[in-house]
>>> print(open('start.csv').read())   # CSV, C-alpha atoms
chain,number,residue,atom,x,y,z
J,85,MET,CA,11.2,32.7,28.2
J,86,ARG,CA,8.8,33.6,31.0
J,87,ASP,CA,7.7,30.1,31.8
J,88,VAL,CA,10.7,28.8,33.8
J,89,SER,CA,9.3,25.7,35.6
J,90,TRP,CA,12.2,23.7,34.1
J,91,ARG,CA,14.6,25.7,36.2
J,92,SER,CA,13.2,24.3,39.5
J,93,SER,CA,13.0,20.8,38.1
J,94,PRO,CA,16.0,20.0,35.8
J,95,ARG,CA,14.6,16.6,34.7
J,96,LEU,CA,14.8,16.0,31.0
J,97,ALA,CA,13.0,13.5,28.7
J,98,VAL,CA,14.0,12.4,25.2
J,99,TYR,CA,10.8,11.5,23.4
J,100,ALA,CA,11.3,9.5,20.1
J,101,VAL,CA,8.4,9.4,17.7
J,102,GLY,CA,8.2,6.7,15.1
J,103,GLY,CA,8.1,7.6,11.4
J,104,ASN,CA,5.5,4.8,10.8
J,105,ALA,CA,3.4,6.3,13.7
J,106,LEU,CA,3.3,9.6,11.9
J,107,SER,CA,2.6,8.1,8.5
J,108,ASP,CA,1.5,4.5,8.3
J,109,PRO,CA,3.1,3.0,5.1
J,110,ALA,CA,0.2,0.6,4.7
J,111,LEU,CA,-2.4,3.4,4.5
J,112,LYS,CA,-3.2,5.8,1.7
J,113,GLY,CA,-5.3,9.0,1.0
J,114,ALA,CA,-7.8,10.2,3.5
J,115,GLU,CA,-7.3,7.2,5.8
J,116,ALA,CA,-3.6,7.9,6.0
J,117,ARG,CA,-4.2,11.6,6.8
J,118,SER,CA,-6.8,10.9,9.4
J,119,ALA,CA,-4.5,8.3,11.2
J,120,ALA,CA,-1.5,10.8,11.0
J,121,GLU,CA,-3.6,13.6,12.6
J,122,ALA,CA,-4.7,11.3,15.4
J,123,VAL,CA,-1.1,10.3,16.1
J,124,MET,CA,0.1,13.9,16.0
J,125,HIS,CA,-2.6,14.9,18.5
J,126,ASP,CA,-1.5,12.1,20.9
J,127,VAL,CA,2.2,12.9,20.5
J,128,LEU,CA,1.7,16.6,21.2
J,129,GLU,CA,-0.5,15.8,24.2
J,130,ASP,CA,2.4,13.7,25.6
J,131,VAL,CA,4.8,16.5,25.1
J,132,VAL,CA,2.6,19.0,26.9
J,133,ASP,CA,1.9,16.6,29.7
J,134,LEU,CA,5.6,16.2,30.3
J,135,LEU,CA,6.2,20.0,30.2
J,136,GLU,CA,3.3,20.5,32.7
J,137,ALA,CA,5.0,17.9,34.9
J,138,GLY,CA,8.1,20.1,35.0
J,139,ILE,CA,10.1,18.0,32.6
J,140,ARG,CA,12.1,19.5,29.8
J,141,VAL,CA,11.6,17.7,26.4
J,142,VAL,CA,13.8,16.9,23.5
J,143,ILE,CA,11.8,15.4,20.5
J,144,THR,CA,13.3,13.1,17.9
J,145,HIS,CA,11.3,11.4,15.1
J,146,GLY,CA,11.6,8.8,12.4
J,147,ASN,CA,11.2,9.4,8.7
J,148,GLY,CA,11.1,6.0,7.0
J,149,PRO,CA,7.8,6.4,5.0
J,150,GLN,CA,8.5,10.1,4.3
J,151,VAL,CA,12.1,9.8,3.1
J,152,GLY,CA,11.1,6.9,0.9
J,153,GLU,CA,8.4,9.0,-0.7
J,154,LEU,CA,10.8,11.8,-1.5
J,155,LEU,CA,13.3,9.4,-3.0
J,156,LEU,CA,10.5,8.0,-5.2
J,157,MET,CA,9.6,11.5,-6.4
J,158,GLU,CA,13.2,12.2,-7.3
J,159,GLU,CA,13.6,8.9,-9.2
J,160,SER,CA,10.3,9.4,-11.0
J,161,LEU,CA,11.4,12.9,-12.1
J,162,PHE,CA,14.8,11.6,-13.3
J,163,GLU,CA,13.1,8.8,-15.3
J,164,ARG,CA,10.7,11.3,-17.0
J,165,ARG,CA,13.6,13.6,-17.9
J,166,ARG,CA,15.6,10.7,-19.2
J,167,VAL,CA,12.8,9.7,-21.5
J,168,GLU,CA,12.3,13.3,-22.7
J,169,SER,CA,16.0,14.0,-23.4
J,170,SER,CA,18.8,11.6,-24.5
J,171,ASN,CA,21.3,14.1,-23.1
J,172,PHE,CA,20.0,14.0,-19.5
J,173,THR,CA,22.5,12.8,-16.9
J,174,PRO,CA,20.9,12.3,-13.5
J,175,GLN,CA,22.6,13.8,-10.5
J,176,PRO,CA,20.6,12.5,-7.5
J,177,LEU,CA,20.8,14.4,-4.3
J,178,GLY,CA,21.4,11.3,-2.1
J,179,LEU,CA,19.7,10.0,1.0
J,180,ASP,CA,21.5,12.4,3.3
J,181,ASN,CA,19.9,15.3,1.6
J,182,TRP,CA,16.5,13.8,1.7
J,183,VAL,CA,16.9,13.0,5.4
J,184,ALA,CA,17.7,16.7,5.8
J,185,ALA,CA,14.6,17.6,3.9
J,186,THR,CA,12.4,15.5,6.1
J,187,GLN,CA,13.9,17.0,9.2
J,188,GLY,CA,12.7,20.3,7.8
J,189,THR,CA,9.2,19.2,6.7
J,190,LEU,CA,8.4,17.1,9.7
J,191,GLY,CA,10.1,19.5,12.1
J,192,HIS,CA,8.0,22.3,10.7
J,193,GLU,CA,4.8,20.3,11.1
J,194,ILE,CA,5.5,19.1,14.6
J,195,ALA,CA,6.8,22.5,15.8
J,196,THR,CA,3.9,24.5,14.3
J,197,ASN,CA,1.3,22.2,15.9
J,198,LEU,CA,3.1,22.2,19.2
J,199,ASP,CA,3.5,26.0,19.2
J,200,ASN,CA,-0.3,26.4,18.7
J,201,ILE,CA,-1.1,24.0,21.6
J,202,LEU,CA,1.4,25.7,24.0
J,203,GLN,CA,-0.1,29.1,23.2
J,204,ALA,CA,-3.6,27.8,23.8
J,205,ARG,CA,-2.4,26.3,27.2
J,206,GLY,CA,-0.8,29.6,28.2
J,207,ARG,CA,2.7,28.2,28.1
J,208,HIS,CA,5.6,30.1,26.8
J,209,GLU,CA,8.3,27.6,25.7
J,210,GLN,CA,9.7,28.2,22.3
J,211,VAL,CA,9.9,25.2,20.0
J,212,VAL,CA,13.1,24.9,17.9
J,213,THR,CA,13.8,22.5,15.0
J,214,LEU,CA,17.5,21.9,14.5
J,215,LEU,CA,19.0,20.2,11.4
J,216,THR,CA,21.2,17.6,13.0
J,217,ARG,CA,24.2,15.8,11.6
J,218,VAL,CA,25.2,12.4,13.0
J,219,GLU,CA,28.5,10.7,12.4
J,220,VAL,CA,28.6,7.1,11.2
J,221,ASP,CA,31.5,4.7,10.4
J,222,ALA,CA,32.3,4.5,6.7
J,223,ASN,CA,33.2,0.8,7.2
J,224,ASP,CA,30.0,-0.1,9.0
J,225,SER,CA,28.7,-3.5,7.8
J,226,ALA,CA,25.2,-2.0,7.4
J,227,PHE,CA,26.3,-0.5,4.1
J,228,SER,CA,26.5,-4.0,2.6
J,229,GLN,CA,23.5,-5.4,4.5
J,230,PRO,CA,20.6,-2.9,4.1
J,231,THR,CA,17.8,-3.5,6.7
J,232,LYS,CA,16.0,-0.1,7.1
J,233,PRO,CA,12.6,0.0,5.4
J,234,ILE,CA,11.6,3.2,3.7
J,235,GLY,CA,8.7,4.4,1.6
J,236,PRO,CA,5.3,2.8,1.1
J,237,ILE,CA,4.3,-0.9,0.8
J,238,ILE,CA,5.2,-2.1,-2.7
J,239,ASP,CA,2.1,-3.3,-4.6
J,240,ASN,CA,3.8,-4.7,-7.7
J,241,LEU,CA,7.3,-6.2,-7.3
J,242,ASP,CA,7.5,-6.6,-11.1
J,243,GLU,CA,7.9,-2.9,-11.4
J,244,VAL,CA,10.7,-2.5,-8.8
J,245,PRO,CA,14.0,-1.3,-10.3
J,246,ASN,CA,16.9,-3.8,-10.3
J,247,ASN,CA,19.0,-1.7,-8.0
J,248,TRP,CA,16.5,-1.7,-5.1
J,249,LYS,CA,16.9,-4.0,-2.1
J,250,ILE,CA,13.5,-5.3,-0.8
J,251,GLY,CA,12.6,-6.6,2.6
J,252,ILE,CA,9.7,-7.4,4.8
J,253,THR,CA,9.5,-6.7,8.5
J,254,ASP,CA,7.2,-8.1,11.2
J,255,VAL,CA,5.3,-4.8,11.4
J,256,ASP,CA,4.7,-4.5,7.7
J,257,VAL,CA,1.9,-6.1,5.6
J,258,GLY,CA,4.0,-6.2,2.5
J,259,PRO,CA,7.4,-5.7,1.0
J,260,ARG,CA,9.2,-2.3,1.3
J,261,ARG,CA,12.4,-0.9,0.0
J,262,VAL,CA,15.3,-1.2,2.5
J,263,VAL,CA,18.5,0.9,2.7
J,264,ALA,CA,21.7,0.9,4.8
J,265,SER,CA,21.2,1.8,8.5
J,266,PRO,CA,24.7,2.3,10.1
J,267,LYS,CA,25.0,2.8,13.8
J,268,PRO,CA,25.5,6.4,15.1
J,269,ILE,CA,28.9,7.2,16.5
J,270,SER,CA,28.4,10.8,17.6
J,271,ILE,CA,26.0,13.7,17.3
J,272,ILE,CA,27.9,16.5,15.7
J,273,ASP,CA,25.5,19.2,16.7
J,274,SER,CA,25.2,18.1,20.4
J,275,ASP,CA,26.6,21.4,21.7
J,276,ALA,CA,23.9,23.4,20.0
J,277,ILE,CA,21.2,21.0,21.3
J,278,GLU,CA,22.5,21.5,24.9
J,279,ALA,CA,22.5,25.2,24.5
J,280,LEU,CA,18.9,25.3,23.3
J,281,ILE,CA,17.8,23.1,26.1
J,282,SER,CA,19.6,25.3,28.6
J,283,ALA,CA,17.7,28.3,27.1
J,284,GLY,CA,14.4,26.5,28.0
J,285,ALA,CA,13.4,25.5,24.4
J,286,VAL,CA,11.6,22.4,23.4
J,287,VAL,CA,14.1,21.0,20.9
J,288,LEU,CA,13.2,18.9,17.8
J,289,CYS,CA,16.5,17.3,16.7
J,290,ALA,CA,18.1,14.2,15.0
J,291,GLY,CA,15.0,13.9,12.8
J,292,GLY,CA,15.0,10.7,10.8
J,293,GLY,CA,18.0,9.5,12.8
J,294,GLY,CA,20.0,12.5,11.9
J,295,ILE,CA,21.7,13.4,8.6
J,296,PRO,CA,24.3,10.6,8.1
J,297,VAL,CA,27.9,11.8,7.6
J,298,ILE,CA,31.3,10.3,7.7
J,299,SER,CA,34.6,12.0,8.8
J,300,HIS,CA,37.7,12.1,6.7
J,301,ASN,CA,40.8,14.3,6.4
J,302,ARG,CA,38.9,17.0,4.5
J,303,GLY,CA,36.1,17.2,7.0
J,304,ILE,CA,32.7,15.6,6.9
J,305,GLN,CA,30.6,14.2,4.0
J,306,GLY,CA,27.0,13.0,3.7
J,307,VAL,CA,26.5,9.3,2.8
J,308,GLU,CA,23.7,7.1,1.4
J,309,ALA,CA,21.9,5.8,4.5
J,310,VAL,CA,19.1,6.4,7.0
J,311,ILE,CA,20.2,6.1,10.6
J,312,ASP,CA,17.8,4.4,13.0
J,313,LYS,CA,16.1,7.2,15.1
J,314,ASP,CA,15.9,5.0,18.2
J,315,ARG,CA,19.6,4.3,18.3
J,316,VAL,CA,20.3,8.0,17.9
J,317,SER,CA,17.7,8.9,20.5
J,318,ALA,CA,19.4,6.5,23.0
J,319,LEU,CA,22.8,8.1,22.2
J,320,LEU,CA,21.3,11.5,22.7
J,321,ALA,CA,19.6,10.6,26.0
J,322,VAL,CA,23.0,9.3,27.3
J,323,SER,CA,25.0,12.2,26.1
J,324,LEU,CA,22.5,14.7,27.6
J,325,ASN,CA,22.3,12.7,30.9
J,326,ALA,CA,18.5,12.7,30.5
J,327,ASP,CA,16.2,11.3,33.1
J,328,PHE,CA,13.8,9.6,30.7
J,329,LEU,CA,13.9,8.0,27.3
J,330,PHE,CA,10.6,7.2,25.7
J,331,ILE,CA,10.4,5.2,22.5
J,332,SER,CA,7.0,6.1,21.1
J,333,THR,CA,5.8,3.8,18.3
J,334,ALA,CA,2.7,2.3,16.6
J,335,VAL,CA,2.4,-0.6,19.0
J,336,ASP,CA,1.4,-0.3,22.7
J,337,SER,CA,4.2,-2.5,24.1
J,338,VAL,CA,6.9,-5.0,23.3
J,339,LYS,CA,5.5,-8.4,22.5
J,340,LEU,CA,6.8,-11.9,22.5
J,341,ASP,CA,5.9,-14.2,19.6
J,342,PHE,CA,4.5,-11.2,17.8
J,343,GLY,CA,1.7,-12.0,15.3
J,344,SER,CA,1.3,-15.6,16.5
J,345,ALA,CA,-1.4,-17.2,18.5
J,346,ASN,CA,1.0,-17.1,21.5
J,347,GLU,CA,1.6,-13.4,21.3
J,348,SER,CA,2.0,-11.8,24.8
J,349,LYS,CA,2.7,-8.3,26.1
J,350,ILE,CA,5.8,-7.5,28.2
J,351,SER,CA,5.4,-4.7,30.8
J,352,THR,CA,9.0,-4.9,32.1
J,353,MET,CA,12.2,-6.6,30.9
J,354,SER,CA,15.5,-6.8,32.6
J,355,ILE,CA,18.7,-6.2,30.6
J,356,SER,CA,19.5,-9.9,30.7
J,357,GLU,CA,15.9,-10.9,29.6
J,358,ALA,CA,15.9,-8.4,26.7
J,359,THR,CA,19.4,-9.6,25.6
J,360,GLN,CA,18.2,-13.2,25.7
J,361,TYR,CA,15.1,-12.4,23.6
J,362,LEU,CA,17.2,-10.7,21.1
J,363,GLU,CA,19.5,-13.7,20.8
J,364,GLU,CA,16.5,-15.9,20.3
J,365,GLY,CA,15.3,-13.8,17.4
J,366,GLN,CA,12.2,-12.4,19.1
J,367,PHE,CA,13.0,-8.9,17.8
J,368,PRO,CA,14.0,-8.9,14.1
J,369,GLU,CA,16.1,-6.3,12.4
J,370,GLY,CA,14.1,-3.6,10.5
J,371,SER,CA,11.4,-3.6,13.2
J,372,MET,CA,11.6,-4.1,16.9
J,373,GLY,CA,15.2,-5.2,17.0
J,374,PRO,CA,16.8,-1.7,16.7
J,375,LYS,CA,14.4,-0.4,19.3
J,376,ILE,CA,15.4,-3.0,21.9
J,377,GLU,CA,19.1,-2.6,21.1
J,378,ALA,CA,18.7,1.2,21.6
J,379,MET,CA,16.9,0.7,24.9
J,380,LEU,CA,19.5,-1.7,26.1
J,381,PHE,CA,22.3,0.7,25.0
J,382,ALA,CA,20.8,3.5,27.0
J,383,LYS,CA,20.1,1.5,30.1
J,384,GLN,CA,23.5,-0.1,30.1
J,385,LYS,CA,25.3,3.3,29.6
J,386,ASN,CA,23.2,5.0,32.3
J,387,PRO,CA,21.5,2.6,34.8
J,388,GLU,CA,19.7,5.6,36.3
J,389,LEU,CA,17.9,6.5,33.1
J,390,SER,CA,14.3,5.4,32.9
J,391,VAL,CA,13.8,3.7,29.5
J,392,SER,CA,10.4,2.8,28.2
J,393,LEU,CA,8.5,2.0,24.9
J,394,CYS,CA,4.9,3.0,24.5
J,395,GLN,CA,2.4,4.2,22.0
J,396,PRO,CA,1.6,7.9,21.5
J,397,GLY,CA,-0.6,9.2,24.2
J,398,ASP,CA,0.6,6.8,26.9
J,399,VAL,CA,3.8,8.5,28.0
J,400,ILE,CA,2.7,9.6,31.4
J,401,GLU,CA,1.3,6.1,32.1
J,402,ALA,CA,4.5,4.6,30.9
J,403,MET,CA,6.5,6.8,33.2
J,404,ARG,CA,4.3,5.4,36.1
J,405,GLY,CA,4.8,1.8,34.9
J,406,ALA,CA,1.1,1.5,34.0
J,407,ALA,CA,1.6,1.2,30.2
J,408,GLY,CA,4.2,0.2,27.6
J,409,THR,CA,7.4,-1.7,28.3
J,410,THR,CA,10.2,-0.6,30.6
J,411,ILE,CA,13.7,-1.9,30.7
J,412,THR,CA,15.0,-2.6,34.2
J,413,GLN,CA,18.3,-3.6,35.7
>>> encode(input="start.csv", output="structure tokens")
Amino acid sequence: MRDVSWRSSPRLAVYAVGGNALSDPALKGAEARSAAEAVMHDVLEDVVDLLEAGIRVVITHGNGPQVGELLLMEESLFERRRVESSNFTPQPLGLDNWVAATQGTLGHEIATNLDNILQARGRHEQVVTLLTRVEVDANDSAFSQPTKPIGPIIDNLDEVPNNWKIGITDVDVGPRRVVASPKPISIIDSDAIEALISAGAVVLCAGGGGIPVISHNRGIQGVEAVIDKDRVSALLAVSLNADFLFISTAVDSVKLDFGSANESKISTMSISEATQYLEEGQFPEGSMGPKIEAMLFAKQKNPELSVSLCQPGDVIEAMRGAAGTTITQ
């Protein structure tokens, strides 16, 4: 690694990219691809801007739309095989495996694009994508109360299988499948992440919230869930003693009375204000709620950590307090 600017400035940012920002579940075809390319461009510009400011970067990303699409593909394949053969017994891979798959596909896409930009800019950081396992509690109440939306907007509810749970969040324009989203306890591969950061790499990790696993007396085991990537990002920022946590999402800031005639932007929120808004129901589960909870967790655990939410492309302005929403003491 010849580019060693990070050595003279040990500041570190955890940059969390929303799965919906990378793939809008309400869009399809060419429109969806065009929107995704624009977001990817802004995300990578943010990362390079941080690097050029002498700040090391760890990237996390969501996977709600993408993991839902893969699950649909598996279920469609099983249904076709069931029709073709009466002896077919499905053995689904499980959500933990599909989370791992999206870590690989999205990590490959982000890393390849970022590598190309870094080379074009004459920078020499290596970009590493790390499959990351995250421990959850087997008794988490989320397993009986699914809230995490995955996959596309559902056009015809009459065709939805009986075993699906359906929900609508304040950021969606229609119903989507929802699955369990237990809270992360620990990041199993944290030592490897720290080692890669120390080596000067840009690290993509905890994609899709991390591969959800539980611990038992025989070791660890994957479970049917998708962990919220913002909660994992907050845990990661605290464990790494990062200087910045950026929650990058499809909206430009946190808003009160979202979607109503009284909608208003918030540029800063104290811990007590954010807690009050949560209690008042301003930030529902399945949309802004987990983001605010993650930001609060990070700020309460490390008051020195700068915690902001912004849209892709605004990270430097958010760092300056000129864009997005920042949590204060």
>>> residues_around(input="start.csv", residues="segment 299-309 of chain J", least_positions_apart="5", cutoff="9 Å", atoms="all atoms listed in the file", output="ChimeraX atom specification")
/J:178-181,183,217,219-222,226-227,230,232,263-266
>>> closest_residue(input="start.csv", among="J:Ser354, J:Ser332, J:Ser170, J:Gln210", to="Ala195 of chain J", atoms="all atoms listed in the file")
J:Gln210
>>> closest_atom_pairs(input="start.csv", of="segment 301-383 of chain J", to="segment 115-129 of chain J", cutoff="12 Å", atoms="only C-alpha atoms", output="Markdown table")
| residue | atom | partner | partner_atom | distance |
| --- | --- | --- | --- | --- |
| J:Phe330 | CA | J:Val127 | CA | 11.4 |
| J:Ile331 | CA | J:Val127 | CA | 11.4 |
| J:Ser332 | CA | J:Val127 | CA | 8.3 |
| J:Thr333 | CA | J:Val123 | CA | 9.7 |
| J:Ala334 | CA | J:Val123 | CA | 8.9 |
| J:Val335 | CA | J:Val123 | CA | 11.8 |
>>> residues_around(input="start.csv", residues="Ile281 of chain J", least_positions_apart="3", cutoff="12 Å", atoms="only C-alpha atoms", output="ChimeraX atom specification")
/J:85,88,90-91,94-98,139-143,209-214,274-278,284-289,324,326
>>> closest_residue(input="start.csv", among="J:Asp336, J:Asp133, J:Asp199, J:Glu153", to="Ala105 of chain J", atoms="all atoms listed in the file")
J:Asp336
>>> closest_atom_pairs(input="start.csv", of="segment 229-328 of chain J", to="segment 391-404 of chain J", cutoff="10 Å", atoms="only C-alpha atoms", output="tab-separated table")
residue	atom	partner	partner_atom	distance
J:Ala318	CA	J:Val391	CA	9.0
J:Ala321	CA	J:Val391	CA	9.7
J:Asp327	CA	J:Val391	CA	8.7
J:Phe328	CA	J:Val391	CA	6.0
>>> closest_residue(input="start.csv", among="J:Ile355, J:Ile201, J:Ala185, J:Ala378", to="Pro268 of chain J", atoms="all atoms listed in the file")
J:Ala378
>>> residues_around(input="start.csv", residues="Pro387 of chain J", least_positions_apart="5", cutoff="9 Å", atoms="all atoms listed in the file", output="list of chain:residue names")
J:Ala382, J:Thr412, J:Gln413
>>> residues_around(input="start.csv", residues="Ser351 of chain J", least_positions_apart="2", cutoff="7 Å", atoms="all atoms listed in the file", output="ChimeraX atom specification")
/J:349,408-410
>>> atom_distance(input="start.csv", atom1="atom CA of Gln187 of chain J", atom2="atom CA of Ser323 of chain J")
20.8 Å
>>> closest_residue(input="start.csv", among="J:Leu156, J:Ile272, J:Leu389, J:Val218", to="Leu329 of chain J", atoms="only C-alpha atoms")
J:Leu389
>>> residues_around(input="start.csv", residues="Leu215 of chain J", least_positions_apart="5", cutoff="9 Å", atoms="all atoms listed in the file", output="list of chain:residue names")
J:Ala184, J:Gln187, J:Gly188, J:Gly191, J:Asp273, J:Leu288, J:Cys289, J:Ala290, J:Gly291, J:Gly294, J:Ile295
>>> atom_distance(input="start.csv", atom1="atom CA of Asp239 of chain J", atom2="atom CA of Leu340 of chain J")
28.8 Å
>>> closest_residue(input="start.csv", among="J:Ser160, J:Thr231, J:Ser169, J:Ser337", to="Ile311 of chain J", atoms="all atoms listed in the file")
J:Thr231
>>> closest_residue(input="start.csv", among="J:Gly235, J:Gly206, J:Gly102, J:Gly293", to="Ser371 of chain J", atoms="only C-alpha atoms")
J:Gly102
>>> atom_distance(input="start.csv", atom1="atom CA of Met372 of chain J", atom2="atom CA of Pro296 of chain J")
21.3 Å
>>> decode(input="start.csv", residues="segment 111-135 of chain J", atoms="C-alpha atoms", output="JSON list (two decimals), in the first residue's frame")
[["chain", "number", "residue", "atom", "x", "y", "z"],
["J", 111, "LEU", "CA", -38.82, 0.69, -9.86],
["J", 112, "LYS", "CA", -38.33, -1.90, -12.59],
["J", 113, "GLY", "CA", -36.32, -2.46, -15.75],
["J", 114, "ALA", "CA", -34.27, 0.32, -17.31],
["J", 115, "GLU", "CA", -35.59, 2.89, -14.86],
["J", 116, "ALA", "CA", -34.38, 0.81, -11.92],
["J", 117, "ARG", "CA", -30.94, 0.27, -13.50],
["J", 118, "SER", "CA", -30.53, 3.97, -14.26],
["J", 119, "ALA", "CA", -31.47, 4.96, -10.70],
["J", 120, "ALA", "CA", -29.10, 2.35, -9.23],
["J", 121, "GLU", "CA", -26.20, 3.58, -11.38],
["J", 122, "ALA", "CA", -26.79, 7.17, -10.26],
["J", 123, "VAL", "CA", -26.82, 6.14, -6.60],
["J", 124, "MET", "CA", -23.69, 4.01, -7.02],
["J", 125, "HIS", "CA", -21.89, 6.98, -8.56],
["J", 126, "ASP", "CA", -22.82, 9.22, -5.61],
["J", 127, "VAL", "CA", -21.89, 6.55, -3.04],
["J", 128, "LEU", "CA", -18.45, 6.03, -4.55],
["J", 129, "GLU", "CA", -17.84, 9.76, -4.84],
["J", 130, "ASP", "CA", -18.62, 10.02, -1.12],
["J", 131, "VAL", "CA", -16.11, 7.28, -0.31],
["J", 132, "VAL", "CA", -13.36, 8.83, -2.43],
["J", 133, "ASP", "CA", -14.04, 12.27, -0.93],
["J", 134, "LEU", "CA", -13.59, 10.80, 2.56],
["J", 135, "LEU", "CA", -10.37, 9.07, 1.55]]
